[in-house]
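Source file final_2.tsv; content: TSV, C-alpha atoms.
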```
chain	number	residue	atom	x	y	z
J	1	MET	CA	119.86	204.80	87.54
J	2	VAL	CA	119.45	208.34	86.23
J	3	TRP	CA	122.72	208.15	84.28
J	4	LYS	CA	121.69	204.77	82.84
J	5	THR	CA	118.35	206.20	81.72
J	6	TRP	CA	120.00	209.20	80.09
J	7	SER	CA	122.55	206.95	78.38
J	8	TYR	CA	119.83	204.69	76.96
J	9	GLY	CA	117.71	207.68	75.94
J	10	ALA	CA	120.65	209.33	74.19
J	11	LEU	CA	121.01	206.22	72.01
J	12	HIS	CA	117.36	205.55	71.25
J	13	GLN	CA	115.77	209.02	71.33
J	14	GLY	CA	118.78	211.00	70.12
J	15	VAL	CA	121.09	212.96	72.38
J	16	THR	CA	119.94	216.32	70.98
J	17	THR	CA	116.25	215.62	71.67
J	18	LEU	CA	116.50	214.73	75.36
J	19	TYR	CA	115.62	218.23	76.58
J	20	GLY	CA	112.67	218.36	74.15
J	21	VAL	CA	112.43	220.14	70.81
J	22	GLY	CA	110.55	223.36	70.09
J	23	GLY	CA	107.19	224.33	71.51
J	24	THR	CA	105.79	227.55	72.96
J	25	PRO	CA	106.47	227.46	75.84
J	26	PRO	CA	109.38	225.05	75.23
J	27	LEU	CA	108.47	221.39	75.55
J	28	ARG	CA	110.18	219.49	78.38
J	29	GLY	CA	111.60	216.24	77.10
J	30	LEU	CA	110.93	212.94	78.88
J	31	VAL	CA	113.65	210.27	78.72
J	32	ARG	CA	112.49	206.65	78.94
J	33	TRP	CA	114.20	203.35	79.67
J	34	GLY	CA	111.94	200.39	80.31
J	35	ASP	CA	109.46	201.43	82.99
J	36	ARG	CA	111.62	204.35	84.10
J	37	SER	CA	111.22	207.92	82.89
J	38	THR	CA	112.96	211.14	83.89
J	39	THR	CA	113.88	214.59	82.63
J	40	VAL	CA	117.35	216.01	81.98
J	41	ASP	CA	118.81	218.92	83.93
J	42	TYR	CA	122.55	218.46	83.23
J	43	PRO	CA	124.37	220.31	80.42
J	44	PRO	CA	124.94	218.51	77.10
J	45	VAL	CA	128.59	217.40	77.42
J	46	ALA	CA	127.52	215.00	80.17
J	47	LEU	CA	124.96	213.58	77.74
J	48	TYR	CA	127.58	213.22	75.00
J	49	GLU	CA	129.78	211.25	77.40
J	50	LEU	CA	126.95	209.03	78.61
J	51	ALA	CA	125.87	208.42	75.02
J	52	GLY	CA	129.41	207.37	74.08
J	53	ILE	CA	129.80	204.86	76.90
J	54	GLY	CA	126.24	203.63	76.31
J	55	ARG	CA	127.03	202.89	72.66
J	56	ILE	CA	130.06	200.84	73.70
J	57	TYR	CA	127.98	198.90	76.25
J	58	GLN	CA	125.19	198.24	73.74
J	59	ALA	CA	127.68	196.58	71.43
J	60	PHE	CA	128.05	193.88	74.12
J	61	SER	CA	124.43	193.97	75.33
J	62	PRO	CA	122.01	194.90	72.51
J	63	GLN	CA	119.10	194.80	75.00
J	64	PHE	CA	120.88	197.34	77.24
J	65	ALA	CA	120.29	195.00	80.18
J	66	ASN	CA	120.57	196.46	83.66
J	67	THR	CA	123.49	194.34	84.85
J	68	ARG	CA	126.62	194.81	86.90
J	69	ARG	CA	128.46	195.34	83.64
J	70	LEU	CA	126.26	198.36	82.96
J	71	ASN	CA	127.19	199.71	86.40
J	72	ILE	CA	130.84	199.35	85.43
J	73	ALA	CA	130.29	200.98	82.05
J	74	ILE	CA	128.45	203.99	83.46
J	75	LYS	CA	131.07	204.53	86.17
J	76	LEU	CA	134.05	203.95	83.87
J	77	PRO	CA	134.27	207.50	82.37
J	78	GLY	CA	134.39	209.00	85.87
J	79	VAL	CA	137.09	206.58	87.01
J	80	LEU	CA	139.16	207.30	83.89
J	81	ALA	CA	138.73	211.03	84.52
J	82	GLU	CA	140.06	210.46	88.05
J	83	VAL	CA	143.11	208.68	86.64
J	84	VAL	CA	143.86	211.55	84.26
J	85	LEU	CA	143.19	214.16	86.96
J	86	THR	CA	145.61	212.38	89.30
J	87	TRP	CA	148.26	212.46	86.58
J	88	LEU	CA	147.49	216.15	85.89
J	89	LEU	CA	147.92	217.09	89.56
J	90	TYR	CA	151.22	215.21	89.63
J	91	ALA	CA	152.47	216.82	86.42
J	92	LEU	CA	151.51	220.34	87.44
J	93	ALA	CA	153.01	220.05	90.91
J	94	ARG	CA	156.16	218.36	89.58
J	95	ARG	CA	156.72	221.14	87.06
J	96	ARG	CA	156.10	223.95	89.51
J	97	TYR	CA	157.14	222.67	92.94
J	98	GLY	CA	159.18	219.49	92.60
J	99	LEU	CA	158.88	215.74	93.11
J	100	GLY	CA	157.81	215.68	96.77
J	101	PRO	CA	154.88	218.07	96.37
J	102	ALA	CA	153.89	216.25	93.17
J	103	ARG	CA	153.65	212.98	95.05
J	104	TRP	CA	151.67	214.68	97.82
J	105	ALA	CA	149.17	216.29	95.43
J	106	SER	CA	148.48	213.10	93.47
J	107	ILE	CA	148.17	210.85	96.52
J	108	ALA	CA	146.10	213.41	98.43
J	109	TYR	CA	143.54	213.24	95.64
J	110	TRP	CA	143.73	209.62	94.51
J	111	ALA	CA	144.02	207.80	97.86
J	112	ASN	CA	141.21	209.87	99.33
J	113	PRO	CA	137.95	208.43	100.72
J	114	ALA	CA	136.08	211.44	99.29
J	115	SER	CA	137.33	210.68	95.77
J	116	ILE	CA	136.71	206.95	96.07
J	117	LEU	CA	133.16	207.36	97.41
J	118	ASN	CA	132.19	210.09	94.95
J	119	GLY	CA	133.40	208.40	91.79
J	120	ALA	CA	134.12	204.68	91.84
J	121	ILE	CA	131.55	203.73	94.49
J	122	LEU	CA	128.57	206.10	94.19
J	123	GLY	CA	129.12	207.00	90.55
J	124	TYR	CA	128.69	210.78	90.53
J	125	LEU	CA	129.78	212.64	87.40
J	126	ASP	CA	131.88	215.19	89.31
J	127	PRO	CA	135.28	213.86	88.10
J	128	LEU	CA	134.21	214.47	84.49
J	129	MET	CA	133.71	218.13	85.37
J	130	ALA	CA	136.64	218.44	87.79
J	131	LEU	CA	139.23	217.35	85.21
J	132	PRO	CA	138.67	220.22	82.72
J	133	ALA	CA	137.91	222.64	85.56
J	134	VAL	CA	141.24	222.07	87.33
J	135	GLY	CA	142.97	222.05	83.95
J	136	SER	CA	141.41	225.42	83.12
J	137	VAL	CA	142.58	227.12	86.31
J	138	SER	CA	146.06	225.69	85.80
J	139	ALA	CA	146.28	226.66	82.12
J	140	ALA	CA	145.23	230.24	82.90
J	141	ALA	CA	147.77	230.51	85.72
J	142	LEU	CA	150.52	229.16	83.45
J	143	GLY	CA	149.80	231.70	80.70
J	144	ALA	CA	147.67	229.67	78.27
J	145	PRO	CA	144.36	231.59	78.16
J	146	LEU	CA	143.06	229.93	75.00
J	147	ILE	CA	143.37	226.46	76.52
J	148	ALA	CA	141.90	227.78	79.78
J	149	GLY	CA	138.86	229.18	77.99
J	150	ALA	CA	138.23	225.98	76.08
J	151	LEU	CA	138.52	223.84	79.20
J	152	ILE	CA	136.26	225.99	81.40
J	153	ALA	CA	133.60	225.87	78.68
J	154	ILE	CA	133.80	222.07	78.62
J	155	ALA	CA	133.64	221.95	82.42
J	156	CYS	CA	130.57	224.21	82.64
J	157	LEU	CA	128.81	222.28	79.88
J	158	THR	CA	129.52	219.01	81.70
J	159	LYS	CA	128.19	220.09	85.09
J	160	ALA	CA	126.85	223.56	85.80
J	161	GLN	CA	128.65	223.87	89.13
J	162	ALA	CA	131.90	224.63	87.29
J	163	ILE	CA	130.53	228.14	86.72
J	164	PHE	CA	131.89	229.05	90.15
J	165	LEU	CA	135.41	228.73	88.74
J	166	VAL	CA	134.78	231.12	85.84
J	167	PRO	CA	135.86	234.24	87.81
J	168	VAL	CA	138.94	232.35	89.05
J	169	VAL	CA	139.94	231.43	85.49
J	170	ALA	CA	139.29	235.00	84.33
J	171	LEU	CA	141.46	236.41	87.15
J	172	ALA	CA	144.21	233.88	86.43
J	173	ALA	CA	144.14	234.74	82.72
J	174	TRP	CA	144.32	238.46	83.52
J	175	ASN	CA	147.17	238.12	86.02
J	176	GLY	CA	148.96	235.38	84.10
J	177	ALA	CA	149.47	237.44	80.97
J	178	THR	CA	153.07	238.62	80.73
J	179	SER	CA	151.86	241.72	78.92
J	180	LYS	CA	148.48	243.21	78.07
J	181	PRO	CA	146.41	241.41	80.75
J	182	ALA	CA	143.16	242.47	79.08
J	183	ARG	CA	144.24	240.56	75.99
J	184	GLY	CA	144.76	237.39	78.01
J	185	ALA	CA	141.31	237.66	79.57
J	186	ALA	CA	139.75	238.41	76.18
J	187	GLN	CA	141.42	235.35	74.65
J	188	MET	CA	140.06	233.20	77.47
J	189	VAL	CA	136.53	234.52	77.00
J	190	GLY	CA	136.75	234.17	73.22
J	191	ALA	CA	137.93	230.57	73.38
J	192	ALA	CA	135.18	229.72	75.89
J	193	ALA	CA	132.56	231.28	73.61
J	194	ILE	CA	133.76	229.41	70.51
J	195	VAL	CA	133.90	226.03	72.25
J	196	SER	CA	130.51	226.60	73.89
J	197	PHE	CA	128.95	227.48	70.55
J	198	ALA	CA	130.42	224.37	68.91
J	199	LEU	CA	129.10	222.10	71.68
J	200	LEU	CA	125.65	223.69	71.64
J	201	LEU	CA	125.32	223.95	67.86
J	202	PRO	CA	123.65	220.51	67.36
J	203	TYR	CA	120.83	221.62	69.66
J	204	LEU	CA	120.48	225.01	68.02
J	205	LEU	CA	120.25	223.47	64.55
J	206	ILE	CA	117.16	221.41	65.42
J	207	GLY	CA	115.48	224.18	67.41
J	208	ALA	CA	116.16	222.69	70.86
J	209	GLY	CA	118.17	225.62	72.25
J	210	ARG	CA	115.34	227.00	74.41
J	211	ASN	CA	114.49	223.49	75.58
J	212	LEU	CA	118.09	223.00	76.68
J	213	VAL	CA	118.04	226.27	78.63
J	214	GLN	CA	114.75	225.29	80.25
J	215	GLY	CA	116.09	221.88	81.24
J	216	VAL	CA	119.36	223.08	82.75
J	217	SER	CA	117.71	226.05	84.47
J	218	ALA	CA	115.59	223.56	86.43
J	219	LEU	CA	118.65	223.33	88.69
J	220	LEU	CA	117.77	226.82	89.92
J	221	ARG	CA	114.22	225.83	90.82
J	222	HIS	CA	114.87	222.94	93.21
J	223	ASP	CA	112.50	223.38	96.16
J	224	MET	CA	114.94	222.46	98.92
J	225	LEU	CA	116.77	224.41	101.60
J	226	SER	CA	119.48	221.76	101.57
J	227	ALA	CA	119.50	218.73	99.27
J	228	TYR	CA	121.34	216.57	101.83
J	229	ALA	CA	124.31	218.95	101.89
J	230	ALA	CA	125.99	219.27	105.28
J	231	ASN	CA	125.75	223.05	105.28
J	232	ALA	CA	124.23	225.99	107.14
J	233	TRP	CA	120.78	225.34	105.67
J	234	TRP	CA	120.79	221.74	106.89
J	235	VAL	CA	121.36	223.10	110.40
J	236	PHE	CA	118.53	225.58	109.79
J	237	THR	CA	116.33	222.68	108.63
J	238	TYR	CA	117.07	220.88	111.91
J	239	PHE	CA	116.02	223.81	114.07
J	240	MET	CA	112.92	224.55	112.00
J	241	ARG	CA	111.67	220.97	111.97
J	242	ALA	CA	112.47	220.29	115.61
J	243	SER	CA	110.98	223.52	116.97
J	244	TYR	CA	107.70	222.96	115.08
J	245	ALA	CA	107.56	219.28	116.10
J	246	VAL	CA	107.91	219.82	119.86
J	247	ALA	CA	104.18	220.42	120.37
J	248	ASP	CA	103.24	217.13	118.67
J	249	MET	CA	106.16	214.83	119.53
J	250	GLY	CA	107.57	216.19	122.77
J	251	TRP	CA	110.91	217.83	123.38
J	252	TRP	CA	113.15	214.74	123.27
J	253	ALA	CA	111.59	213.09	120.23
J	254	ALA	CA	111.54	216.36	118.27
J	255	TRP	CA	115.17	217.22	118.81
J	256	THR	CA	116.44	213.67	118.23
J	257	MET	CA	114.43	212.72	115.13
J	258	PRO	CA	116.13	211.99	111.78
J	259	MET	CA	116.24	215.00	109.47
J	260	ARG	CA	114.39	215.21	106.17
J	261	ILE	CA	114.66	217.78	103.38
J	262	LEU	CA	112.63	220.93	103.98
J	263	GLY	CA	111.12	222.71	101.00
J	264	ILE	CA	111.64	226.41	100.43
J	265	SER	CA	107.94	226.63	99.53
J	266	THR	CA	107.11	225.28	103.01
J	267	ILE	CA	109.16	228.06	104.62
J	268	VAL	CA	107.31	230.65	102.55
J	269	LYS	CA	103.91	229.13	103.47
J	270	LEU	CA	104.81	229.44	107.13
J	271	GLY	CA	105.14	233.18	106.61
J	272	TYR	CA	108.91	233.47	106.32
J	273	THR	CA	110.80	235.26	103.55
J	274	ASP	CA	112.13	233.25	100.62
J	275	PRO	CA	115.76	232.50	101.64
J	276	ARG	CA	117.06	232.24	98.06
J	277	PRO	CA	118.01	235.95	97.67
J	278	PHE	CA	119.83	235.96	101.02
J	279	ALA	CA	121.70	232.74	100.25
J	280	THR	CA	122.68	234.03	96.80
J	281	ALA	CA	123.88	237.32	98.29
J	282	ALA	CA	125.93	235.47	100.91
J	283	VAL	CA	127.65	233.31	98.26
J	284	LEU	CA	128.29	236.39	96.10
J	285	LEU	CA	129.78	238.38	98.98
J	286	ALA	CA	132.05	235.50	99.99
J	287	THR	CA	133.16	235.11	96.36
J	288	LEU	CA	133.90	238.81	95.96
J	289	TRP	CA	135.81	238.84	99.25
J	290	ALA	CA	137.96	235.90	98.11
J	291	LEU	CA	138.58	237.42	94.68
J	292	TRP	CA	139.65	240.67	96.31
J	293	ARG	CA	142.07	238.84	98.58
J	294	ALA	CA	143.68	237.03	95.65
J	295	ARG	CA	143.32	239.85	93.12
J	296	ARG	CA	147.05	240.29	92.48
J	297	SER	CA	148.11	236.66	92.63
J	298	ARG	CA	149.65	234.81	89.70
J	299	GLU	CA	150.63	231.84	91.84
J	300	LEU	CA	149.01	228.52	90.91
J	301	SER	CA	148.61	227.36	94.50
J	302	VAL	CA	146.81	230.56	95.55
J	303	LEU	CA	144.52	230.50	92.52
J	304	SER	CA	143.69	226.84	93.19
J	305	ALA	CA	142.98	227.72	96.82
J	306	LEU	CA	140.77	230.58	95.61
J	307	GLY	CA	138.68	228.18	93.53
J	308	ALA	CA	138.40	225.73	96.43
J	309	PHE	CA	137.25	228.48	98.81
J	310	ILE	CA	134.55	229.71	96.40
J	311	VAL	CA	133.27	226.14	96.01
J	312	HIS	CA	133.22	225.77	99.81
J	313	ALA	CA	131.36	229.08	100.15
J	314	TYR	CA	128.70	227.94	97.71
J	315	PHE	CA	128.36	224.61	99.50
J	316	VAL	CA	127.98	226.10	102.98
J	317	LEU	CA	125.93	229.20	102.19
J	318	GLY	CA	123.87	228.27	99.11
J	319	VAL	CA	120.39	226.75	99.07
J	320	ALA	CA	119.34	223.61	97.16
J	321	VAL	CA	122.96	222.38	97.35
J	322	HIS	CA	123.47	218.63	96.97
J	323	GLU	CA	125.64	216.34	99.05
J	324	ASN	CA	128.33	215.97	96.36
J	325	HIS	CA	128.78	219.65	95.49
J	326	LEU	CA	131.83	220.15	97.72
J	327	PHE	CA	133.82	217.53	95.81
J	328	LEU	CA	135.34	220.02	93.35
J	329	ALA	CA	137.26	221.59	96.24
J	330	VAL	CA	139.14	218.32	96.88
J	331	PRO	CA	141.47	218.28	93.80
J	332	LEU	CA	141.88	222.08	93.99
J	333	LEU	CA	143.00	221.85	97.62
J	334	ALA	CA	145.30	218.94	96.78
J	335	LEU	CA	147.07	221.18	94.25
J	336	ALA	CA	147.14	224.16	96.62
J	337	GLY	CA	148.19	222.16	99.66
J	338	CYS	CA	151.16	220.51	97.98
J	339	ALA	CA	152.92	223.89	98.02
J	340	ARG	CA	151.31	225.48	101.09
J	341	PRO	CA	151.40	223.20	104.16
J	342	ARG	CA	148.78	225.18	106.09
J	343	LEU	CA	146.23	224.37	103.38
J	344	ARG	CA	146.89	220.66	103.81
J	345	ARG	CA	144.91	220.74	107.05
J	346	ILE	CA	142.02	222.34	105.18
J	347	HIS	CA	142.32	219.67	102.48
J	348	PHE	CA	142.08	216.86	105.04
J	349	ALA	CA	139.13	218.50	106.80
J	350	VAL	CA	137.19	219.24	103.60
J	351	SER	CA	137.87	215.72	102.31
J	352	GLY	CA	136.51	214.35	105.58
J	353	VAL	CA	133.33	216.42	105.25
J	354	VAL	CA	132.80	215.25	101.65
J	355	ALA	CA	133.37	211.59	102.55
J	356	LEU	CA	131.16	211.65	105.65
J	357	ASN	CA	128.43	213.63	103.92
J	358	LEU	CA	128.21	210.98	101.19
J	359	PHE	CA	128.62	208.00	103.50
J	360	LEU	CA	126.13	209.05	106.17
J	361	PHE	CA	123.36	209.48	103.61
J	362	PHE	CA	124.14	206.73	101.10
J	363	GLY	CA	126.76	204.37	102.52
J	364	PHE	CA	128.17	202.39	99.62
J	365	GLY	CA	125.02	202.91	97.55
J	366	ARG	CA	121.55	201.34	97.15
J	367	GLY	CA	121.23	200.42	100.83
J	368	THR	CA	124.73	198.92	101.17
J	369	LEU	CA	126.49	199.68	104.46
J	370	VAL	CA	124.40	202.79	105.16
J	371	PRO	CA	125.27	203.75	108.77
J	372	PRO	CA	122.62	204.60	111.39
J	373	ARG	CA	122.63	208.40	111.51
J	374	MET	CA	121.15	208.56	115.01
J	375	PHE	CA	124.07	206.89	116.80
J	376	THR	CA	125.04	210.42	117.90
J	377	ILE	CA	121.51	211.00	119.40
J	378	VAL	CA	121.20	214.22	117.39
J	379	ASP	CA	121.27	213.30	113.68
J	380	ALA	CA	124.94	212.85	112.75
J	381	THR	CA	124.44	214.75	109.50
J	382	VAL	CA	123.33	217.83	111.47
J	383	LEU	CA	126.46	217.67	113.62
J	384	LEU	CA	128.56	217.29	110.48
J	385	ALA	CA	126.83	220.33	108.97
J	386	ALA	CA	127.55	222.41	112.07
J	387	ALA	CA	131.19	221.30	112.01
J	388	ASN	CA	131.42	222.23	108.32
J	389	CYS	CA	130.19	225.76	109.10
J	390	VAL	CA	132.99	226.12	111.64
J	391	LEU	CA	135.44	224.65	109.13
J	392	PHE	CA	134.35	227.26	106.58
J	393	VAL	CA	135.30	230.07	108.96
J	394	TRP	CA	138.68	228.42	109.59
J	395	HIS	CA	139.10	227.95	105.83
J	396	ALA	CA	138.49	231.68	105.30
J	397	ARG	CA	141.16	232.61	107.87
J	398	ILE	CA	143.78	230.25	106.40
J	399	PHE	CA	142.98	231.36	102.86
J	400	ALA	CA	143.35	235.04	103.79
J	401	ALA	CA	146.69	234.30	105.45
J	402	GLU	CA	147.95	232.42	102.38
J	403	CYS	CA	146.99	235.32	100.12
J	404	ARG	CA	149.29	237.52	102.21
J	405	SER	CA	152.12	234.98	102.13
J	406	PRO	CA	154.90	235.20	99.54
J	407	GLU	CA	155.20	232.77	96.66
J	408	PRO	CA	156.33	229.38	98.00
J	409	ASN	CA	160.04	228.68	97.68
J	410	ARG	CA	160.51	225.36	95.91
J	411	SER	CA	163.57	224.50	97.99
J	412	LEU	CA	161.70	225.06	101.26
J	413	ILE	CA	158.58	222.98	100.55
J	414	VAL	CA	158.52	219.94	102.80
J	415	GLU	CA	159.29	216.80	100.80
J	416	VAL	CA	156.88	213.94	101.60
```

For this file, produce the structure as structure tokens.
Amino acid sequence: MVWKTWSYGALHQGVTTLYGVGGTPPLRGLVRWGDRSTTVDYPPVALYELAGIGRIYQAFSPQFANTRRLNIAIKLPGVLAEVVLTWLLYALARRRYGLGPARWASIAYWANPASILNGAILGYLDPLMALPAVGSVSAAALGAPLIAGALIAIACLTKAQAIFLVPVVALAAWNGATSKPARGAAQMVGAAAIVSFALLLPYLLIGAGRNLVQGVSALLRHDMLSAYAANAWWVFTYFMRASYAVADMGWWAAWTMPMRILGISTIVKLGYTDPRPFATAAVLLATLWALWRARRSRELSVLSALGAFIVHAYFVLGVAVHENHLFLAVPLLALAGCARPRLRRIHFAVSGVVALNLFLFFGFGRGTLVPPRMFTIVDATVLLAAANCVLFVWHARIFAAECRSPEPNRSLIVEV
């Protein structure tokens, strides 16, 4: 419903005005569709894409009626992005590793419950970001820093989470240059800056630049330890809620109740320290550790694995993380695992976490086939979060081992 509202607002209010225009402090725009209203906190490329598909739909439904056809229209860009991303994974793996790995990479992404739930069923916009993000890492690793810079700019301006791949693309551009690595990195940064400026220019021209920054920066102010993400902070939420509820509900009822989101402001009111700085430091340390491990690599599979690990680190250790924010690791691990069999186990496990995280909270969407989370006595999402924390440690060990391994020999990769 949020994407539908943004799409309608982009057509009838103007895509460049959705964040608000001008004001001191900057005005926060309100997007309306019928009796619904909301604000915008996604970057502008997502709005451009929703505006485009909305214009096509309005040609068939001038009233912009909320029908099944509108569901199809809003989900269609994501599904098409999945098709192209599947082809990209196949083409990259075929060029670098051969036919068998290419088939594995494409099938491991396409015929994957995590991909199907995220895109075609629940309608997240992650595939629209994942396509240029994976393309950027690959272009940098293959020695095309200008293309890499342009693609990472598009990815970040589609969905802010792609920013976690910026250091990966920069490292790949540096290591991928045949000569003068600084020049390769500079070309990547320059291309990203030019493309970003071009995409943001319509907002700057009407004085909505500060409004855009205010809108997107709202992502940093979400008052949630975990926004339904199966991560360390969801486990922390479980222990906090249950321990405080024992006195009122009794031991059994407290420790077996369904979990709800816990606000960071509530933690602070209880006298605890704001966890944001600690979570940010943990993500930063894990990212620096991974970058150090892969610092000399020019191999596409290792660089893809690096990106997937950083995404996993953010998902497990960060606060205010949403249930779909691990999805970006799925195509990256498909590309890494096609050449490195040990990473295939990580791919399967991470895909399982993504699929279960989405399914346990939302089923097939809007109350359809939502499973009972308490069939495990302790909330199943809490158990999944604990398992994901263990998986993250295993992921770190396998990733470190792969960074020490030599470049995969094409003739020795298992054909499947």

**OP:** May I have the residues within 10 Å of Gly263 of chain J as a list in words, using only C-alpha atoms and disregarding those fewer than 6 positions away in the same chain?
**Re:** His222, Asp223, Met224, Leu225, Ser226, Ala227, Thr237, Lys269 and Ala320 of chain J

Go ahead and save the residues from that selection, with C-alpha atoms, as a PDB file, keeping the file's coordinate frame.
```pdb
ATOM      1  CA  HIS J 222     114.870 222.940  93.210  1.00  0.00           C
ATOM      2  CA  ASP J 223     112.500 223.380  96.160  1.00  0.00           C
ATOM      3  CA  MET J 224     114.940 222.460  98.920  1.00  0.00           C
ATOM      4  CA  LEU J 225     116.770 224.410 101.600  1.00  0.00           C
ATOM      5  CA  SER J 226     119.480 221.760 101.570  1.00  0.00           C
ATOM      6  CA  ALA J 227     119.500 218.730  99.270  1.00  0.00           C
ATOM      7  CA  THR J 237     116.330 222.680 108.630  1.00  0.00           C
ATOM      8  CA  LYS J 269     103.910 229.130 103.470  1.00  0.00           C
ATOM      9  CA  ALA J 320     119.340 223.610  97.160  1.00  0.00           C
TER      10      ALA J 320
END
```

Show me a table, sorted first by chain and then by increasing residue number, of the residues of segment 63-149 of chain J having an atom at most 12 Å from segment 8-27 of chain J, each with its shortest atom pair and the distance in Å to one decimal, counting only C-alpha atoms and written as JSON lines.
```
{"residue": "J:Gln63", "atom": "CA", "partner": "J:Tyr8", "partner_atom": "CA", "distance": 10.1}
{"residue": "J:Phe64", "atom": "CA", "partner": "J:Tyr8", "partner_atom": "CA", "distance": 7.4}
{"residue": "J:Ala65", "atom": "CA", "partner": "J:Tyr8", "partner_atom": "CA", "distance": 10.2}
{"residue": "J:Asn66", "atom": "CA", "partner": "J:Tyr8", "partner_atom": "CA", "distance": 10.6}
{"residue": "J:Leu70", "atom": "CA", "partner": "J:Tyr8", "partner_atom": "CA", "distance": 10.8}
{"residue": "J:Ile74", "atom": "CA", "partner": "J:Tyr8", "partner_atom": "CA", "distance": 10.8}
```

Subject >> Spatial neighbours of Ile154 of chain J, max dist 10 Å, only C-alpha atoms, sep filter under 6 positions, as a PyMOL selection string >> reply: chain J and resi 43-46+128-129+131-133+136+148+162+192+195-196+199

At a cut-off of 8 Å, using all atoms listed in the file, what residues contact segment 365-381 of chain J? Leave out same-chain residues fewer than 4 positions from it and give the result as a PDB file with C-alpha atoms, in the frame of the given file.
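The result, stored in result-v7.pdb:
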```pdb
ATOM      1  CA  ILE J 121     131.550 203.730  94.490  1.00  0.00           C
ATOM      2  CA  LEU J 122     128.570 206.100  94.190  1.00  0.00           C
ATOM      3  CA  ALA J 230     125.990 219.270 105.280  1.00  0.00           C
ATOM      4  CA  TRP J 255     115.170 217.220 118.810  1.00  0.00           C
ATOM      5  CA  THR J 256     116.440 213.670 118.230  1.00  0.00           C
ATOM      6  CA  MET J 257     114.430 212.720 115.130  1.00  0.00           C
ATOM      7  CA  PRO J 258     116.130 211.990 111.780  1.00  0.00           C
ATOM      8  CA  MET J 259     116.240 215.000 109.470  1.00  0.00           C
ATOM      9  CA  ASN J 357     128.430 213.630 103.920  1.00  0.00           C
ATOM     10  CA  PHE J 359     128.620 208.000 103.500  1.00  0.00           C
ATOM     11  CA  LEU J 360     126.130 209.050 106.170  1.00  0.00           C
ATOM     12  CA  PHE J 361     123.360 209.480 103.610  1.00  0.00           C
ATOM     13  CA  ALA J 385     126.830 220.330 108.970  1.00  0.00           C
TER      14      ALA J 385
END
```

Subject >> atom CA of Val40 of chain J to atom CA of Gln214 of chain J, distance in Å rounded to a single decimal >> reply: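 Computing it gives 9.8 Å between the two atoms.
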
**OP:** One decimal, Å: what's the distance from atom CA of Phe392 of chain J over to atom CA of Pro341 of chain J, could you say?
**Re:**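 Answer for the atom CA of Phe392 of chain J to atom CA of Pro341 of chain J separation: 17.7 Å.
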
Original post:
Pick the closest to Ala355 of chain J from J:Ala150, J:Ile116, J:Ala193, J:Cys156: which is it, counting all atoms listed in the file?
Top reply: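 Using all atoms listed in the file, Ala355 of chain J sits closest to J:Ile116.
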
Original post:
Which residue, J:Ala282, J:Ala73, J:Ala81, J:Ala400, has the smallest gap to Val134 of chain J when you use all atoms listed in the file?
Top reply: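 Of all the options, J:Ala81 lies closest to Val134 of chain J.
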